[in-house]
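File shown here: my_file07.cif, holding mmCIF, C-alpha atoms.
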```
data_structure
loop_
_atom_site.group_PDB
_atom_site.id
_atom_site.type_symbol
_atom_site.label_atom_id
_atom_site.label_comp_id
_atom_site.auth_asym_id
_atom_site.auth_seq_id
_atom_site.Cartn_x
_atom_site.Cartn_y
_atom_site.Cartn_z
ATOM 1 C CA MET X 1 74.453 69.235 90.937
ATOM 2 C CA GLU X 2 75.981 70.762 94.056
ATOM 3 C CA GLN X 3 78.829 68.849 95.679
ATOM 4 C CA LYS X 4 79.487 68.830 99.389
ATOM 5 C CA PRO X 5 82.962 69.680 100.693
ATOM 6 C CA ALA X 6 85.143 66.625 101.314
ATOM 7 C CA ALA X 7 86.173 67.811 104.796
ATOM 8 C CA ALA X 8 84.722 70.051 107.429
ATOM 9 C CA SER X 9 85.265 73.721 106.694
ATOM 10 C CA GLN X 10 88.127 75.372 108.597
ATOM 11 C CA PRO X 11 88.451 79.074 109.360
ATOM 12 C CA VAL X 12 90.587 80.937 106.845
ATOM 13 C CA ASP X 13 93.827 82.220 108.327
ATOM 14 C CA ALA X 14 95.700 85.346 107.192
ATOM 15 C CA GLY X 15 98.320 83.359 105.270
ATOM 16 C CA GLN X 16 95.711 81.426 103.286
ATOM 17 C CA PHE X 17 93.787 84.614 102.597
ATOM 18 C CA LYS X 18 96.904 86.373 101.259
ATOM 19 C CA ILE X 19 97.640 83.440 98.939
ATOM 20 C CA GLY X 20 94.100 83.596 97.583
ATOM 21 C CA MET X 21 94.177 87.377 97.154
ATOM 22 C CA ARG X 22 97.453 87.187 95.181
ATOM 23 C CA THR X 23 95.448 85.578 92.357
ATOM 24 C CA LEU X 24 93.142 88.591 92.135
ATOM 25 C CA ALA X 25 94.528 90.830 89.388
ATOM 26 C CA GLY X 26 94.217 94.512 90.209
ATOM 27 C CA ALA X 27 94.947 97.851 88.601
ATOM 28 C CA VAL X 28 98.047 99.487 90.080
ATOM 29 C CA ASN X 29 97.556 102.961 91.513
ATOM 30 C CA ILE X 30 99.573 105.510 93.420
ATOM 31 C CA ILE X 31 97.602 106.979 96.318
ATOM 32 C CA THR X 32 98.906 110.419 97.282
ATOM 33 C CA SER X 33 98.132 112.986 99.941
ATOM 34 C CA MET X 34 99.491 116.278 101.243
ATOM 35 C CA HIS X 35 99.759 117.021 104.942
ATOM 36 C CA ALA X 36 101.651 119.704 106.878
ATOM 37 C CA GLY X 37 103.549 120.724 103.746
ATOM 38 C CA HIS X 38 104.770 117.186 102.987
ATOM 39 C CA ARG X 39 103.818 114.950 100.073
ATOM 40 C CA HIS X 40 102.999 111.321 100.817
ATOM 41 C CA GLY X 41 102.394 108.453 98.428
ATOM 42 C CA MET X 42 102.128 104.694 98.162
ATOM 43 C CA THR X 43 101.370 101.981 95.628
ATOM 44 C CA ALA X 44 97.971 100.316 96.040
ATOM 45 C CA THR X 45 95.652 97.895 94.273
ATOM 46 C CA ALA X 46 92.871 98.059 96.880
ATOM 47 C CA VAL X 47 90.984 100.815 95.048
ATOM 48 C CA CYS X 48 87.574 100.875 93.358
ATOM 49 C CA SER X 49 84.657 103.065 92.418
ATOM 50 C CA ALA X 50 82.001 103.272 95.119
ATOM 51 C CA THR X 51 79.241 105.279 93.432
ATOM 52 C CA ALA X 52 78.763 107.524 90.406
ATOM 53 C CA GLU X 53 76.296 109.867 92.155
ATOM 54 C CA PRO X 54 78.038 111.513 93.824
ATOM 55 C CA PRO X 55 81.313 110.434 92.173
ATOM 56 C CA THR X 56 83.103 108.524 94.943
ATOM 57 C CA VAL X 57 86.055 106.124 95.112
ATOM 58 C CA LEU X 58 87.315 104.004 97.965
ATOM 59 C CA VAL X 59 90.848 103.133 98.967
ATOM 60 C CA CYS X 60 92.043 100.684 101.616
ATOM 61 C CA ILE X 61 95.243 101.734 103.379
ATOM 62 C CA ASN X 62 97.230 99.874 106.015
ATOM 63 C CA LYS X 63 97.266 101.819 109.291
ATOM 64 C CA LEU X 64 101.062 101.386 109.534
ATOM 65 C CA ALA X 65 101.690 103.198 106.221
ATOM 66 C CA ALA X 66 102.851 106.831 106.439
ATOM 67 C CA THR X 67 100.310 107.708 103.742
ATOM 68 C CA HIS X 68 97.538 106.443 106.037
ATOM 69 C CA ASN X 69 98.261 109.117 108.635
ATOM 70 C CA ALA X 70 98.509 111.819 105.972
ATOM 71 C CA VAL X 71 95.091 110.886 104.522
ATOM 72 C CA ALA X 72 93.521 110.518 107.985
ATOM 73 C CA LYS X 73 94.747 113.961 109.105
ATOM 74 C CA SER X 74 94.391 115.973 105.875
ATOM 75 C CA LYS X 75 91.149 114.287 104.744
ATOM 76 C CA VAL X 76 92.334 114.400 101.107
ATOM 77 C CA PHE X 77 93.856 111.898 98.673
ATOM 78 C CA CYS X 78 94.347 111.358 94.975
ATOM 79 C CA VAL X 79 94.102 108.043 93.134
ATOM 80 C CA ASN X 80 96.548 108.033 90.208
ATOM 81 C CA VAL X 81 95.878 105.078 87.871
ATOM 82 C CA LEU X 82 99.171 103.901 86.349
ATOM 83 C CA ARG X 83 99.849 103.032 82.708
ATOM 84 C CA ALA X 84 101.645 99.747 81.944
ATOM 85 C CA GLU X 85 104.774 101.703 80.975
ATOM 86 C CA ASP X 86 104.914 103.268 84.455
ATOM 87 C CA TRP X 87 105.783 100.130 86.424
ATOM 88 C CA HIS X 88 108.933 101.891 87.700
ATOM 89 C CA LEU X 89 106.703 104.445 89.494
ATOM 90 C CA SER X 90 104.892 101.611 91.225
ATOM 91 C CA THR X 91 108.226 100.245 92.403
ATOM 92 C CA ALA X 92 109.369 103.668 93.656
ATOM 93 C CA PHE X 93 106.154 104.173 95.634
ATOM 94 C CA SER X 94 106.051 100.634 97.035
ATOM 95 C CA GLY X 95 108.973 101.223 99.365
ATOM 96 C CA ALA X 96 112.013 101.168 97.087
ATOM 97 C CA GLN X 97 112.373 104.906 97.797
ATOM 98 C CA GLY X 98 111.162 106.905 100.771
ATOM 99 C CA GLY X 99 109.545 110.256 101.472
ATOM 100 C CA ASP X 100 109.684 113.091 98.989
ATOM 101 C CA THR X 101 112.373 111.308 96.924
ATOM 102 C CA ARG X 102 109.578 109.233 95.379
ATOM 103 C CA PHE X 103 108.120 112.332 93.742
ATOM 104 C CA LYS X 104 111.293 112.937 91.700
ATOM 105 C CA ASN X 105 109.882 110.231 89.433
ATOM 106 C CA GLY X 106 107.090 111.396 87.102
ATOM 107 C CA ASN X 107 105.483 114.780 86.437
ATOM 108 C CA TRP X 108 103.357 116.055 89.318
ATOM 109 C CA THR X 109 100.849 118.858 89.810
ATOM 110 C CA ARG X 110 97.962 119.626 92.199
ATOM 111 C CA LEU X 111 94.233 120.092 91.710
ATOM 112 C CA ALA X 112 91.395 121.097 94.051
ATOM 113 C CA THR X 113 92.474 119.285 97.251
ATOM 114 C CA GLY X 114 96.215 119.931 96.991
ATOM 115 C CA ALA X 115 97.092 116.216 96.918
ATOM 116 C CA PRO X 116 99.827 115.366 94.367
ATOM 117 C CA VAL X 117 98.445 114.457 90.934
ATOM 118 C CA LEU X 118 100.465 112.433 88.394
ATOM 119 C CA ILE X 119 100.057 114.250 85.070
ATOM 120 C CA ASP X 120 100.984 111.161 83.020
ATOM 121 C CA ALA X 121 98.581 108.767 84.765
ATOM 122 C CA LEU X 122 95.717 107.224 82.797
ATOM 123 C CA VAL X 123 93.412 109.193 85.079
ATOM 124 C CA SER X 124 93.717 110.874 88.474
ATOM 125 C CA PHE X 125 90.820 111.228 90.928
ATOM 126 C CA ASP X 126 91.346 114.112 93.368
ATOM 127 C CA CYS X 127 89.223 113.336 96.430
ATOM 128 C CA ARG X 128 88.044 114.679 99.762
ATOM 129 C CA VAL X 129 87.351 112.051 102.459
ATOM 130 C CA VAL X 130 83.649 111.818 103.283
ATOM 131 C CA LYS X 131 83.631 108.617 105.348
ATOM 132 C CA THR X 132 86.025 106.138 106.945
ATOM 133 C CA LEU X 133 85.736 102.592 108.217
ATOM 134 C CA THR X 134 88.492 101.005 110.269
ATOM 135 C CA HIS X 135 88.676 97.228 110.128
ATOM 136 C CA GLY X 136 91.589 95.066 111.225
ATOM 137 C CA SER X 137 94.896 96.391 109.912
ATOM 138 C CA HIS X 138 93.369 98.832 107.402
ATOM 139 C CA THR X 139 91.158 101.867 107.051
ATOM 140 C CA VAL X 140 88.724 102.193 104.160
ATOM 141 C CA PHE X 141 88.561 105.815 103.025
ATOM 142 C CA LEU X 142 85.594 106.904 100.893
ATOM 143 C CA GLY X 143 86.560 109.952 98.877
ATOM 144 C CA GLN X 144 84.218 112.174 96.922
ATOM 145 C CA VAL X 145 85.876 113.154 93.659
ATOM 146 C CA GLU X 146 86.311 116.930 93.547
ATOM 147 C CA GLN X 147 88.328 117.068 90.356
ATOM 148 C CA MET X 148 89.595 114.622 87.774
ATOM 149 C CA LEU X 149 92.486 114.729 85.318
ATOM 150 C CA ILE X 150 92.452 112.430 82.297
ATOM 151 C CA GLY X 151 96.073 111.914 81.336
ATOM 152 C CA GLN X 152 97.839 109.957 78.638
ATOM 153 C CA LYS X 153 96.114 107.141 76.810
ATOM 154 C CA GLY X 154 97.396 103.635 77.294
ATOM 155 C CA LYS X 155 96.744 100.290 78.938
ATOM 156 C CA PRO X 156 96.546 100.007 82.739
ATOM 157 C CA LEU X 157 99.330 98.456 84.784
ATOM 158 C CA LEU X 158 98.058 95.304 86.500
ATOM 159 C CA TYR X 159 99.421 93.238 89.386
ATOM 160 C CA SER X 160 98.783 89.567 90.103
ATOM 161 C CA GLU X 161 100.728 86.667 91.634
ATOM 162 C CA GLY X 162 103.491 89.077 92.703
ATOM 163 C CA GLN X 163 104.135 90.256 89.144
ATOM 164 C CA TYR X 164 103.248 93.204 86.940
ATOM 165 C CA ALA X 165 101.108 92.559 83.886
ATOM 166 C CA LYS X 166 99.522 94.480 81.066
ATOM 167 C CA LEU X 167 96.079 94.080 79.598
ATOM 168 C CA ALA X 168 95.694 91.989 76.451
ATOM 169 C CA SER X 169 92.568 92.384 74.331
ATOM 170 C CA LEU X 170 90.819 89.224 73.186
ATOM 171 C CA THR X 171 87.810 88.643 70.977
ATOM 172 C CA LEU X 172 84.903 87.038 72.832
ATOM 173 C CA GLY X 173 85.498 83.295 72.959
ATOM 174 C CA GLU X 174 89.024 83.527 71.547
ATOM 175 C CA PRO X 175 91.545 81.259 73.299
ATOM 176 C CA LEU X 176 94.667 82.806 74.753
ATOM 177 C CA PRO X 177 97.472 82.912 72.175
ATOM 178 C CA GLU X 178 100.090 80.238 72.725
ATOM 179 C CA GLY X 179 103.359 81.517 74.203
ATOM 180 C CA LEU X 180 102.089 85.035 74.803
ATOM 181 C CA ASP X 181 104.093 86.570 77.646
ATOM 182 C CA TYR X 182 101.602 88.625 79.652
ATOM 183 C CA TRP X 183 104.055 89.166 82.514
ATOM 184 C CA GLY X 184 107.204 90.359 80.778
ATOM 185 C CA PHE X 185 108.266 93.986 80.424
#
```
As structure tokens, the full file:
Amino acid sequence: MEQKPAAASQPVDAGQFKIGMRTLAGAVNIITSMHAGHRHGMTATAVCSATAEPPTVLVCINKLAATHNAVAKSKVFCVNVLRAEDWHLSTAFSGAQGGDTRFKNGNWTRLATGAPVLIDALVSFDCRVVKTLTHGSHTVFLGQVEQMLIGQKGKPLLYSEGQYAKLASLTLGEPLPEGLDYWGF
């Protein structure tokens, strides 16, 4: 039986929306680009597959981020999916370090587009921008995958409620183990 809301619906404000979105666990990625001889990179969870034919991913990047301008101008980016052990890379690329200093962490190479590719990532998708959509504070970049590098095996690094997490495998219907610390590293 469907229940009616207790009070009249109110528009969702940005603060409420951010609180709600913090509960959405997401894979942690480093989005990179190369423009005018400079490497750019940032940590992001707003990444997903768009279509398998042709292979395409989408990333959402804040227009104020330096990486946004690099992607917009160069029309290339790489999605580097982080392993749980690589949480320190996420921290470095989330603003703890700036500019090219960030790339002193990890082993980097380049593929077809020239965007930096993290060799030790779970997987890296080297993309050329085929479409953009600007909405509010962000731009959605659709990137056709030109090359892909499958890196080291492992579990993905996740982020939820302002904390890093790692994936735990459960049997269908199995309750969560008591006292299991999903958030600790």
(request) Skip Thr23 of chain X itself and residues of its chain fewer than 4 positions away, then list as a ChimeraX atom specification all residues within 8 Å of it, counting only C-alpha atoms. (result) /X:19,160-161
Dump as an mmCIF file, in the frame of the given file, selection limited to C-alpha atoms:
```cif
data_model
loop_
_atom_site.group_PDB
_atom_site.id
_atom_site.type_symbol
_atom_site.label_atom_id
_atom_site.label_comp_id
_atom_site.auth_asym_id
_atom_site.auth_seq_id
_atom_site.Cartn_x
_atom_site.Cartn_y
_atom_site.Cartn_z
ATOM 1 C CA ILE X 19 97.640 83.440 98.939
ATOM 2 C CA SER X 160 98.783 89.567 90.103
ATOM 3 C CA GLU X 161 100.728 86.667 91.634
#
```
(message) Would you compute the distance between atom CA of Ser90 of chain X and atom CA of Gly41 of chain X? Give it in Å to one decimal.
(response)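 Atom CA of Gly41 of chain X lies 10.2 Å from atom CA of Ser90 of chain X.
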(message) Take the PyMOL selection byres ((chain X and resi 61) around 9), run it mentally on this structure, and tell me the resulting residues as a VMD selection string.
(response) chain X and resid 44 46 59 to 60 62 to 65 67 to 68 137 to 141
(message) Report as a PyMOL selection string all protein, DNA and RNA residues lying within 9 Å of Asp86 of chain X, evaluated on only C-alpha atoms, omitting residues in the same chain fewer than 2 positions from it.
(response) chain X and resi 82-84+88-90+106+120-121+157
(request) Measuring atom to atom with all atoms listed in the file, identify which of X:Met148, X:Ala168, X:Val130, X:Val47 is nearest to Ser74 of chain X. (result) X:Val130
